[in-house]
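File shown: data-v1.txt. Contents: compact mmCIF, C-alpha atoms.
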# COMPACT_ATOMS: atom_id res chain seq x y z
CA MET A 28 -23.29 0.29 -17.11
CA SER A 29 -22.53 2.24 -20.28
CA ARG A 30 -19.05 2.63 -21.69
CA SER A 31 -19.07 6.36 -20.87
CA GLY A 32 -20.09 5.54 -17.28
CA ILE A 33 -17.15 3.18 -16.92
CA SER A 34 -14.77 5.73 -18.43
CA ARG A 35 -16.06 8.43 -16.09
CA THR A 36 -15.60 6.18 -13.04
CA ILE A 37 -12.04 5.28 -14.01
CA LEU A 38 -11.25 8.92 -14.80
CA VAL A 39 -12.55 10.13 -11.42
CA LEU A 40 -10.54 7.45 -9.58
CA TYR A 41 -7.52 8.33 -11.68
CA LEU A 42 -7.75 12.01 -10.75
CA LEU A 43 -8.28 11.23 -7.06
CA THR A 44 -5.30 8.86 -7.07
CA ALA A 45 -3.17 11.46 -8.85
CA ALA A 46 -4.16 14.08 -6.25
CA GLY A 47 -3.40 11.66 -3.40
CA THR A 48 -0.03 10.81 -4.91
CA ALA A 49 0.83 14.50 -5.28
CA ILE A 50 -0.05 15.12 -1.61
CA TRP A 51 1.94 12.04 -0.52
CA LEU A 52 5.03 13.11 -2.48
CA SER A 53 4.71 16.68 -1.23
CA ALA A 54 4.58 15.46 2.37
CA ILE A 55 7.82 13.50 1.84
CA PHE A 56 9.59 16.76 0.95
CA LEU A 57 7.64 18.89 3.42
CA ALA A 58 8.98 17.02 6.47
CA PRO A 59 12.65 17.99 5.94
CA ALA A 60 11.65 21.46 4.79
CA LEU A 61 9.80 22.01 8.07
CA ALA A 62 12.61 20.45 10.09
CA GLY A 63 15.12 22.69 8.35
CA ARG A 64 13.09 25.76 9.27
CA GLY A 65 12.81 24.76 12.92
CA SER A 66 9.21 23.52 12.92
CA ALA A 67 10.20 20.35 14.74
CA GLY A 68 6.72 19.41 15.95
CA ALA A 69 5.06 19.47 12.54
CA ALA A 70 8.05 17.76 10.97
CA ARG A 71 7.96 15.01 13.61
CA LEU A 72 4.29 14.36 12.86
CA ILE A 73 5.02 13.87 9.15
CA TYR A 74 8.08 11.70 9.85
CA ALA A 75 5.90 9.64 12.22
CA ALA A 76 3.22 9.25 9.53
CA PHE A 77 5.75 7.64 7.21
CA SER A 78 7.42 5.50 9.89
CA PRO A 79 5.10 2.46 9.47
CA VAL A 80 6.20 2.08 5.85
CA CYS A 81 9.88 3.00 5.91
CA HIS A 82 12.92 2.54 8.16
CA GLN A 83 13.87 6.24 7.56
CA VAL A 84 17.55 5.52 8.25
CA PRO A 85 19.10 8.93 7.47
CA GLY A 86 22.09 7.43 5.65
CA ARG A 87 19.75 5.81 3.15
CA CYS A 88 17.63 8.90 2.51
CA PHE A 89 18.17 11.73 0.06
CA THR A 90 18.40 15.09 1.82
CA PHE A 91 16.42 18.27 1.31
CA HIS A 92 17.25 21.53 3.08
CA GLY A 93 20.01 19.59 4.86
CA GLN A 94 17.55 17.11 6.42
CA PRO A 95 16.70 13.54 5.37
CA LEU A 96 13.49 13.06 3.40
CA ALA A 97 10.62 11.33 5.19
CA VAL A 98 11.33 8.07 3.36
CA CYS A 99 14.45 6.26 2.14
CA GLY A 100 15.74 6.36 -1.43
CA ARG A 101 14.04 3.10 -2.41
CA CYS A 102 10.65 4.16 -1.06
CA LEU A 103 11.00 7.54 -2.78
CA GLY A 104 11.72 5.63 -5.99
CA ILE A 105 8.58 3.52 -5.52
CA TYR A 106 6.40 6.62 -5.03
CA MET A 107 8.07 8.46 -7.92
CA GLY A 108 7.57 5.33 -10.02
CA PHE A 109 3.91 5.23 -8.98
CA ALA A 110 3.57 8.84 -10.16
CA ALA A 111 5.32 7.97 -13.43
CA GLY A 112 2.97 4.99 -13.85
CA LEU A 113 0.01 7.31 -13.38
CA VAL A 114 1.34 9.56 -16.15
CA LEU A 115 1.70 6.52 -18.43
CA TYR A 116 -1.68 5.01 -17.51
CA PRO A 117 -3.90 6.90 -20.00
CA PHE A 118 -1.53 6.07 -22.87
CA VAL A 119 -1.12 2.38 -21.97
CA ARG A 120 -4.63 1.47 -20.73
CA GLY A 121 -6.88 4.41 -21.48
CA PHE A 122 -10.00 4.97 -19.42
CA SER A 123 -12.42 2.64 -21.18
CA LYS A 124 -11.24 -0.81 -20.08
CA LEU A 125 -10.11 -2.57 -16.93
CA GLU A 126 -7.33 -5.08 -17.22
CA LEU A 127 -4.72 -6.22 -14.72
CA PRO A 128 -1.11 -6.45 -15.82
CA SER A 129 0.03 -10.05 -16.14
CA ALA A 130 1.71 -11.69 -13.16
CA ARG A 131 4.76 -12.23 -15.39
CA VAL A 132 5.19 -8.48 -15.99
CA PHE A 133 4.79 -7.81 -12.28
CA LEU A 134 7.39 -10.40 -11.31
CA LEU A 135 9.78 -9.15 -14.00
CA LEU A 136 9.59 -5.56 -12.75
CA THR A 137 9.92 -6.73 -9.14
CA LEU A 138 13.09 -8.68 -9.89
CA PRO A 139 15.65 -5.80 -9.85
CA MET A 140 14.42 -4.51 -6.49
CA ALA A 141 14.12 -8.01 -5.01
CA VAL A 142 17.66 -8.94 -6.07
CA ASP A 143 19.09 -5.64 -4.82
CA GLY A 144 17.17 -5.84 -1.54
CA ALA A 145 17.98 -9.50 -0.91
CA ALA A 146 21.66 -8.96 -1.70
CA GLY A 147 21.73 -6.03 0.72
CA ILE A 148 20.09 -8.04 3.49
CA LEU A 149 22.45 -10.99 2.92
CA GLY A 150 25.45 -8.63 2.96
CA ILE A 151 26.54 -9.51 -0.58
CA TRP A 152 26.64 -5.84 -1.56
CA ALA A 153 25.48 -2.48 -0.28
CA SER A 154 24.03 -0.59 -3.21
CA PRO A 155 24.17 3.21 -3.27
CA ILE A 156 20.97 5.21 -2.79
CA ARG A 157 20.72 5.95 -6.52
CA VAL A 158 20.54 2.23 -7.36
CA ARG A 159 17.90 1.70 -4.68
CA PHE A 160 15.98 4.66 -6.08
CA VAL A 161 16.07 3.33 -9.65
CA THR A 162 14.98 -0.21 -8.69
CA GLY A 163 12.15 1.38 -6.69
CA VAL A 164 11.08 3.46 -9.70
CA VAL A 165 11.00 0.35 -11.91
CA TRP A 166 8.74 -1.49 -9.43
CA GLY A 167 6.57 1.50 -8.62
CA THR A 168 5.71 2.14 -12.26
CA VAL A 169 3.54 -0.97 -12.51
CA LEU A 170 1.62 -0.37 -9.27
CA PRO A 171 -1.00 2.16 -10.49
CA PHE A 172 -2.16 -0.38 -13.05
CA PHE A 173 -3.08 -2.74 -10.18
CA PHE A 174 -4.37 -0.05 -7.84
CA LEU A 175 -6.69 1.71 -10.29
CA THR A 176 -7.98 -1.52 -11.79
CA GLY A 177 -8.82 -2.93 -8.37
CA LEU A 178 -10.58 0.18 -7.10
CA ALA A 179 -12.46 0.81 -10.35
CA ASP A 180 -13.62 -2.81 -10.51
CA LEU A 181 -14.81 -2.62 -6.92
CA LEU A 182 -16.69 0.63 -7.49
CA LEU A 183 -18.27 -0.56 -10.74
CA ALA A 184 -19.39 -3.82 -9.11
CA ARG A 185 -21.04 -1.85 -6.28
CA ARG A 186 -22.80 0.41 -8.78
CA ARG A 187 -24.08 -2.57 -10.76
CA LYS A 188 -25.39 -4.08 -7.53
CA VAL A 189 -27.19 -0.85 -6.59
CA ALA A 190 -28.60 -0.58 -10.11
CA ARG A 191 -29.92 -4.16 -9.93
CA THR A 192 -31.54 -3.48 -6.55
CA LEU A 193 -33.20 -0.30 -7.83
CA GLU A 194 -34.41 -2.14 -10.92
CA LYS A 195 -35.96 -4.88 -8.75
CA ILE A 196 -37.71 -2.24 -6.62
CA ARG A 197 -38.98 -0.49 -9.76
CA VAL A 198 -40.30 -3.76 -11.22
CA ASN A 199 -41.99 -4.65 -7.92
CA ASN A 200 -43.64 -1.24 -7.77
CA VAL A 201 -44.92 -1.55 -11.35
CA GLU A 202 -46.38 -4.98 -10.58
CA MET B 7 -26.68 -16.84 -12.60
CA ASP B 8 -26.67 -16.28 -8.87
CA LYS B 9 -23.05 -15.86 -7.83
CA GLN B 10 -21.89 -17.00 -4.42
CA LYS B 11 -20.72 -13.99 -2.44
CA PRO B 12 -17.10 -14.41 -1.33
CA GLU B 13 -16.51 -14.49 2.43
CA TYR B 14 -13.97 -11.67 2.86
CA LEU B 15 -13.71 -11.36 6.62
CA ARG B 16 -12.19 -14.71 7.60
CA PRO B 17 -9.22 -14.61 5.20
CA ALA B 18 -8.67 -10.94 6.09
CA LEU B 19 -8.65 -11.72 9.82
CA ILE B 20 -6.21 -14.62 9.44
CA ALA B 21 -3.85 -12.87 7.03
CA GLY B 22 -4.19 -9.50 8.80
CA ALA B 23 -3.31 -11.05 12.15
CA ILE B 24 -0.21 -12.68 10.66
CA ALA B 25 0.82 -9.47 8.87
CA GLY B 26 0.17 -7.42 12.02
CA VAL B 27 2.26 -9.70 14.22
CA LEU B 28 5.12 -9.66 11.71
CA SER B 29 4.84 -5.85 11.46
CA GLY B 30 4.91 -5.49 15.25
CA LEU B 31 7.77 -7.81 16.13
CA PRO B 32 11.20 -6.22 16.63
CA PHE B 33 13.70 -7.02 13.86
CA VAL B 34 11.06 -8.91 11.85
CA SER B 35 9.10 -5.69 11.35
CA ALA B 36 11.99 -4.43 9.21
CA GLY B 37 10.37 -6.45 6.41
CA ASN B 38 7.89 -3.59 6.04
CA CYS B 39 10.80 -1.36 5.10
CA LEU B 40 11.01 -3.35 1.88
CA CYS B 41 7.94 -1.89 0.19
CA CYS B 42 5.60 -2.91 3.03
CA LEU B 43 6.46 -6.56 2.47
CA TRP B 44 4.34 -7.91 5.32
CA ILE B 45 1.25 -5.90 4.39
CA VAL B 46 1.48 -6.57 0.67
CA GLY B 47 2.31 -10.22 1.41
CA GLY B 48 -0.50 -10.46 3.98
CA ALA B 49 -3.04 -9.08 1.52
CA ALA B 50 -1.81 -11.47 -1.16
CA LEU B 51 -2.11 -14.33 1.36
CA ALA B 52 -5.70 -13.27 2.13
CA VAL B 53 -6.48 -13.41 -1.59
CA ASN B 54 -4.89 -16.85 -1.75
CA LEU B 55 -7.12 -18.04 1.12
CA LEU B 56 -10.15 -16.41 -0.49
CA ALA B 57 -9.34 -18.01 -3.83
CA LYS B 58 -9.30 -21.45 -2.19
CA ASN B 59 -12.79 -20.80 -0.79
CA THR B 60 -14.21 -19.57 -4.09
CA GLY B 61 -12.62 -22.03 -6.47
CA GLY B 62 -10.02 -19.48 -7.51
CA VAL B 63 -12.37 -17.19 -9.42
CA LEU B 64 -11.98 -13.61 -8.20
CA THR B 65 -12.15 -10.10 -9.62
CA SER B 66 -9.65 -7.39 -8.87
CA GLY B 67 -12.43 -5.72 -6.85
CA ASP B 68 -12.57 -8.78 -4.57
CA GLY B 69 -8.81 -8.43 -4.12
CA ALA B 70 -9.19 -4.74 -3.29
CA ILE B 71 -11.80 -5.42 -0.57
CA VAL B 72 -10.01 -8.30 1.11
CA GLY B 73 -6.69 -6.43 0.84
CA ALA B 74 -8.16 -3.32 2.48
CA LEU B 75 -9.65 -5.39 5.32
CA THR B 76 -6.32 -7.17 5.78
CA GLY B 77 -4.55 -3.80 6.04
CA ILE B 78 -6.98 -2.58 8.71
CA VAL B 79 -6.68 -5.79 10.76
CA ALA B 80 -2.87 -5.65 10.45
CA ALA B 81 -2.81 -2.03 11.64
CA VAL B 82 -4.89 -2.87 14.72
CA VAL B 83 -2.78 -5.94 15.61
CA ASP B 84 0.44 -3.98 15.01
CA ALA B 85 -0.78 -1.12 17.24
CA LEU B 86 -1.79 -3.50 20.04
CA MET B 87 1.57 -5.26 19.85
CA SER B 88 3.42 -1.95 19.97
CA ILE B 89 2.11 -1.19 23.49
CA PRO B 90 4.12 -3.81 25.42
CA LEU B 91 7.04 -3.70 22.98
CA ARG B 92 7.45 0.09 22.87
CA PRO B 93 10.35 0.47 25.36
CA PHE B 94 12.21 -2.38 23.64
CA ASN B 95 11.62 -0.89 20.18
CA MET B 96 12.89 2.53 21.31
CA GLU B 97 16.04 0.98 22.75
CA LEU B 98 16.51 -0.98 19.53
CA ALA B 99 16.04 2.17 17.42
CA ARG B 100 18.62 3.97 19.58
CA ARG B 101 21.14 1.15 19.05
CA VAL B 102 20.52 1.06 15.30
CA MET B 103 20.95 4.83 15.04
CA GLY B 104 24.14 4.54 17.08
CA LYS B 105 25.46 1.90 14.68
CA VAL B 106 24.50 4.00 11.68
CA SER B 107 26.28 7.06 13.06
CA GLU B 108 29.42 4.92 13.55
CA PHE B 109 29.54 4.55 9.77
CA GLY B 110 29.82 8.31 9.48
CA TYR B 111 26.27 9.10 8.42
CA ASP B 112 24.91 12.42 9.65
CA MET B 113 22.08 12.08 12.14
CA PRO B 114 19.36 14.66 12.68
CA SER B 115 20.32 16.91 15.59
CA ASN B 116 17.04 16.33 17.48
CA LEU B 117 17.09 12.53 17.18
CA ASP B 118 18.07 11.86 20.78
CA GLY B 119 15.26 14.05 22.03
CA PHE B 120 12.86 12.28 19.74
CA LEU B 121 13.87 8.83 20.99
CA ASP B 122 13.97 9.92 24.63
CA GLY B 123 10.54 11.45 24.27
CA GLY B 124 9.21 8.22 22.89
CA SER B 125 10.55 5.96 25.60
CA GLY B 126 7.82 6.84 28.09
CA ILE B 127 4.25 5.58 28.29
CA LEU B 128 2.28 6.13 25.12
CA SER B 129 -0.58 8.61 25.55
CA PRO B 130 -4.02 7.52 24.27
CA GLY B 131 -4.06 10.45 21.83
CA TRP B 132 -0.76 9.50 20.21
CA PHE B 133 -1.80 5.85 20.20
CA LEU B 134 -5.06 6.64 18.37
CA LEU B 135 -3.32 9.00 15.95
CA GLY B 136 -0.69 6.36 15.20
CA LEU B 137 -3.39 3.74 14.75
CA PHE B 138 -5.33 6.00 12.39
CA LEU B 139 -2.24 6.80 10.30
CA SER B 140 -1.16 3.15 10.18
CA ALA B 141 -4.67 2.02 9.27
CA ALA B 142 -4.88 4.57 6.46
CA VAL B 143 -1.51 3.64 5.02
CA PHE B 144 -1.93 -0.12 5.50
CA THR B 145 -5.39 -0.01 3.90
CA VAL B 146 -4.03 1.59 0.73
CA VAL B 147 -1.07 -0.78 0.66
CA GLY B 148 -3.43 -3.69 1.40
CA VAL B 149 -5.61 -2.77 -1.58
CA LEU B 150 -2.50 -2.87 -3.72
CA GLY B 151 -1.39 -6.22 -2.27
CA GLY B 152 -4.86 -7.68 -2.70
CA VAL B 153 -5.09 -6.74 -6.36
CA ILE B 154 -1.55 -8.02 -6.97
CA GLY B 155 -2.66 -11.22 -5.21
CA VAL B 156 -5.53 -11.58 -7.67
CA SER B 157 -3.06 -11.25 -10.52
CA LEU B 158 -0.85 -13.93 -8.95
CA PHE B 159 -3.29 -16.44 -7.48
CA ALA B 160 -6.78 -16.09 -8.91
CA LYS B 161 -8.48 -17.22 -12.05
CA LYS B 162 -9.86 -13.97 -13.34
CA LYS B 163 -13.57 -13.35 -13.75
CA PRO B 164 -14.49 -11.22 -16.76
CA GLN B 165 -13.95 -7.56 -15.87
CA ALA B 166 -16.63 -4.91 -16.11
CA ALA B 167 -17.60 -4.72 -19.74
CA PRO B 168 -19.86 -2.32 -21.59
CA PRO B 169 -23.27 -3.68 -22.64
CA SER B 170 -22.19 -3.73 -26.27
CA ALA B 171 -19.75 -6.56 -25.49
CA PRO B 172 -21.60 -9.05 -23.28
CA GLN B 173 -19.53 -11.76 -21.59
CA GLY B 174 -22.34 -14.25 -21.29
CA SER B 175 -22.25 -14.25 -17.52
CA GLY B 176 -25.75 -12.95 -17.11
CA ASP B 177 -24.32 -10.14 -15.02
CA ALA B 178 -25.82 -7.27 -16.97
CA ALA B 179 -29.12 -6.28 -15.47
Give the structure from the file, written as structure tokens.
Amino acid sequence: MSRSGISRTILVLYLLTAAGTAIWLSAIFLAPALAGRGSAGAARLIYAAFSPVCHQVPGRCFTFHGQPLAVCGRCLGIYMGFAAGLVLYPFVRGFSKLELPSARVFLLLTLPMAVDGAAGILGIWASPIRVRFVTGVVWGTVLPFFFLTGLADLLLARRRKVARTLEKIRVNNVE
Amino acid sequence: MDKQKPEYLRPALIAGAIAGVLSGLPFVSAGNCLCCLWIVGGAALAVNLLAKNTGGVLTSGDGAIVGALTGIVAAVVDALMSIPLRPFNMELARRVMGKVSEFGYDMPSNLDGFLDGGSGILSPGWFLLGLFLSAAVFTVVGVLGGVIGVSLFAKKKPQAAPPSAPQGSGDAA
């Protein structure tokens, strides 16, 4: 596959991921907005959609329109960090190459959240929401670099496979 | 060179079942509240199992596939486990919310109604909707966990490269 083909594939995935992230973040704020306006049914559906990935304990959530967001402060930080990572992606990686971040970088950026989370679970300290949010942002920033690389590599491998199959068929037909 | 195709399903079934059980068990499921620990961990475990079968050489695309499959399997197992455990989980949620409110945190005014409404038998429609939402979310998170797993456990194959920079793998057709 040509360099421009690879760039186009990564760019399309990038735009789709950015759109998905925008919808995801909007939904987090939409749930309390709906709840605040009395649309309990719609709000409940959105809260339920986020329940598999977050405890949603109100005391650990930022509020919007007087209602807790659909996810806790740490999860919001992760998603905000993911969005920030997407903004950084073109400047750090560009769209012409696929490369995973090193495991060392990943572990380093995971460390603040892991320490804060483990200390909270063990009862050593109870960090305020802002600290949870910041450690989430730090971790979330690295995630798009994994996500986009994985999906783009998968898609490009499929396209190469299809191209090889078509080439074989073409050669067979010529013979 | 004719590459051996990795066997994705078996590691995904094993790791997905483990992640699903952990996600469905009361108390233990709280691990998912820490950035979907069980799903990310399950997907990374699937990559680890896959890496053992393939001599450790995997691409990030392999990680994405096995991670996505792990997420789907985990969502199904989690949903199936939630059926018998639902009344217990609702009671647990009510107790936790009660404890939280003792610390002075404001609770949503309709919370009791929400929990009471959920304590009955789960309708097939809500079950399928929940399964669909969980599967969608767990698949995305599984992709992420799988690719992270490749970064942690696998020897990397050369990534997709333009024809001008051949890697000598004989991959370019």
Q. Can you tell me, as a ChimeraX atom specification, what residues are no more than 10 Å from stretch 29-44 of chain B when counting all atoms listed in the file, ignoring any on the same chain fewer than 3 positions away?
A. /A:78-83,98-99,101-102,105,140-141,144-145,163,166-167 /B:21-26,47-51,77,80-81,83-89,91-92,94-95,98-99,143-144,147-148,151
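Straight-line separation from atom CA of A:Val198 to atom CA of A:Leu183: 22.3 Å.
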Q: May I have the protein, DNA and RNA residues with an atom at most 9 Å from (16.1, 11.3, 2.4), counting all atoms listed in the file in the file's coordinates, returned as an MDAnalysis selection string?
A: chainID A and resid 55:56 59 83:91 94:100 103
Q: For A:Leu72, list every protein, DNA or RNA residue within 12 Å, evaluated using only C-alpha atoms, and leave out those in the same chain fewer than 2 positions away; present the list as a ChimeraX atom specification.
A: /A:54-55,57-59,61-62,66-70,74-78,97 /B:120,132,135-136,139
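Atom CA of B:Val27 to atom CA of B:Gly73 spans 16.4 Å [interatomic distance, one decimal].
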Q | Of the listed residues A:Leu43, A:Val164, A:Ile156, A:Ile33, that which approaches chain B most closely, counting all atoms listed in the file | A | A:Ile33
**Q.** Exercise: A:Thr162 partners within 6 Å, all atoms listed in the file, chain neighbours under 3 positions left out, as JSON, numbers by chain
**A.** {"A": [139, 140, 159, 165]}
(Q) If I take atom CA of A:Phe109 and atom CA of A:Arg131, how far is one from the other in Å, to one decimal? (A) 18.6 Å
Residue rebuild result stretch 93-106 of chain A, N, CA and C atoms as a tab-separated table (two decimals), in the frame of the given file:
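Saved result, rebuild-v6.tsv, follows:
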chain	number	residue	atom	x	y	z
A	93	GLY	N	19.07	20.12	3.86
A	93	GLY	CA	20.01	19.59	4.86
A	93	GLY	C	19.44	18.54	5.79
A	94	GLN	N	18.20	18.12	5.56
A	94	GLN	CA	17.55	17.11	6.42
A	94	GLN	C	17.14	15.91	5.57
A	95	PRO	N	17.12	14.71	6.16
A	95	PRO	CA	16.70	13.54	5.37
A	95	PRO	C	15.22	13.63	4.99
A	96	LEU	N	14.90	13.13	3.80
A	96	LEU	CA	13.49	13.06	3.40
A	96	LEU	C	12.74	12.12	4.34
A	97	ALA	N	11.42	12.15	4.26
A	97	ALA	CA	10.62	11.33	5.19
A	97	ALA	C	10.67	9.85	4.89
A	98	VAL	N	11.17	9.49	3.71
A	98	VAL	CA	11.33	8.07	3.36
A	98	VAL	C	12.71	7.85	2.74
A	99	CYS	N	13.14	6.58	2.68
A	99	CYS	CA	14.45	6.26	2.14
A	99	CYS	C	14.45	6.38	0.60
A	100	GLY	N	15.61	6.22	0.02
A	100	GLY	CA	15.74	6.36	-1.43
A	100	GLY	C	14.89	5.37	-2.20
A	101	ARG	N	14.82	4.13	-1.70
A	101	ARG	CA	14.04	3.10	-2.41
A	101	ARG	C	12.54	3.42	-2.35
A	102	CYS	N	12.08	3.81	-1.18
A	102	CYS	CA	10.65	4.16	-1.06
A	102	CYS	C	10.32	5.37	-1.93
A	103	LEU	N	11.24	6.37	-1.93
A	103	LEU	CA	11.00	7.54	-2.78
A	103	LEU	C	10.89	7.10	-4.24
A	104	GLY	N	11.78	6.16	-4.63
A	104	GLY	CA	11.72	5.63	-5.99
A	104	GLY	C	10.38	4.97	-6.29
A	105	ILE	N	9.87	4.20	-5.31
A	105	ILE	CA	8.58	3.52	-5.52
A	105	ILE	C	7.47	4.56	-5.74
A	106	TYR	N	7.47	5.61	-4.90
A	106	TYR	CA	6.40	6.62	-5.03
A	106	TYR	C	6.57	7.43	-6.31
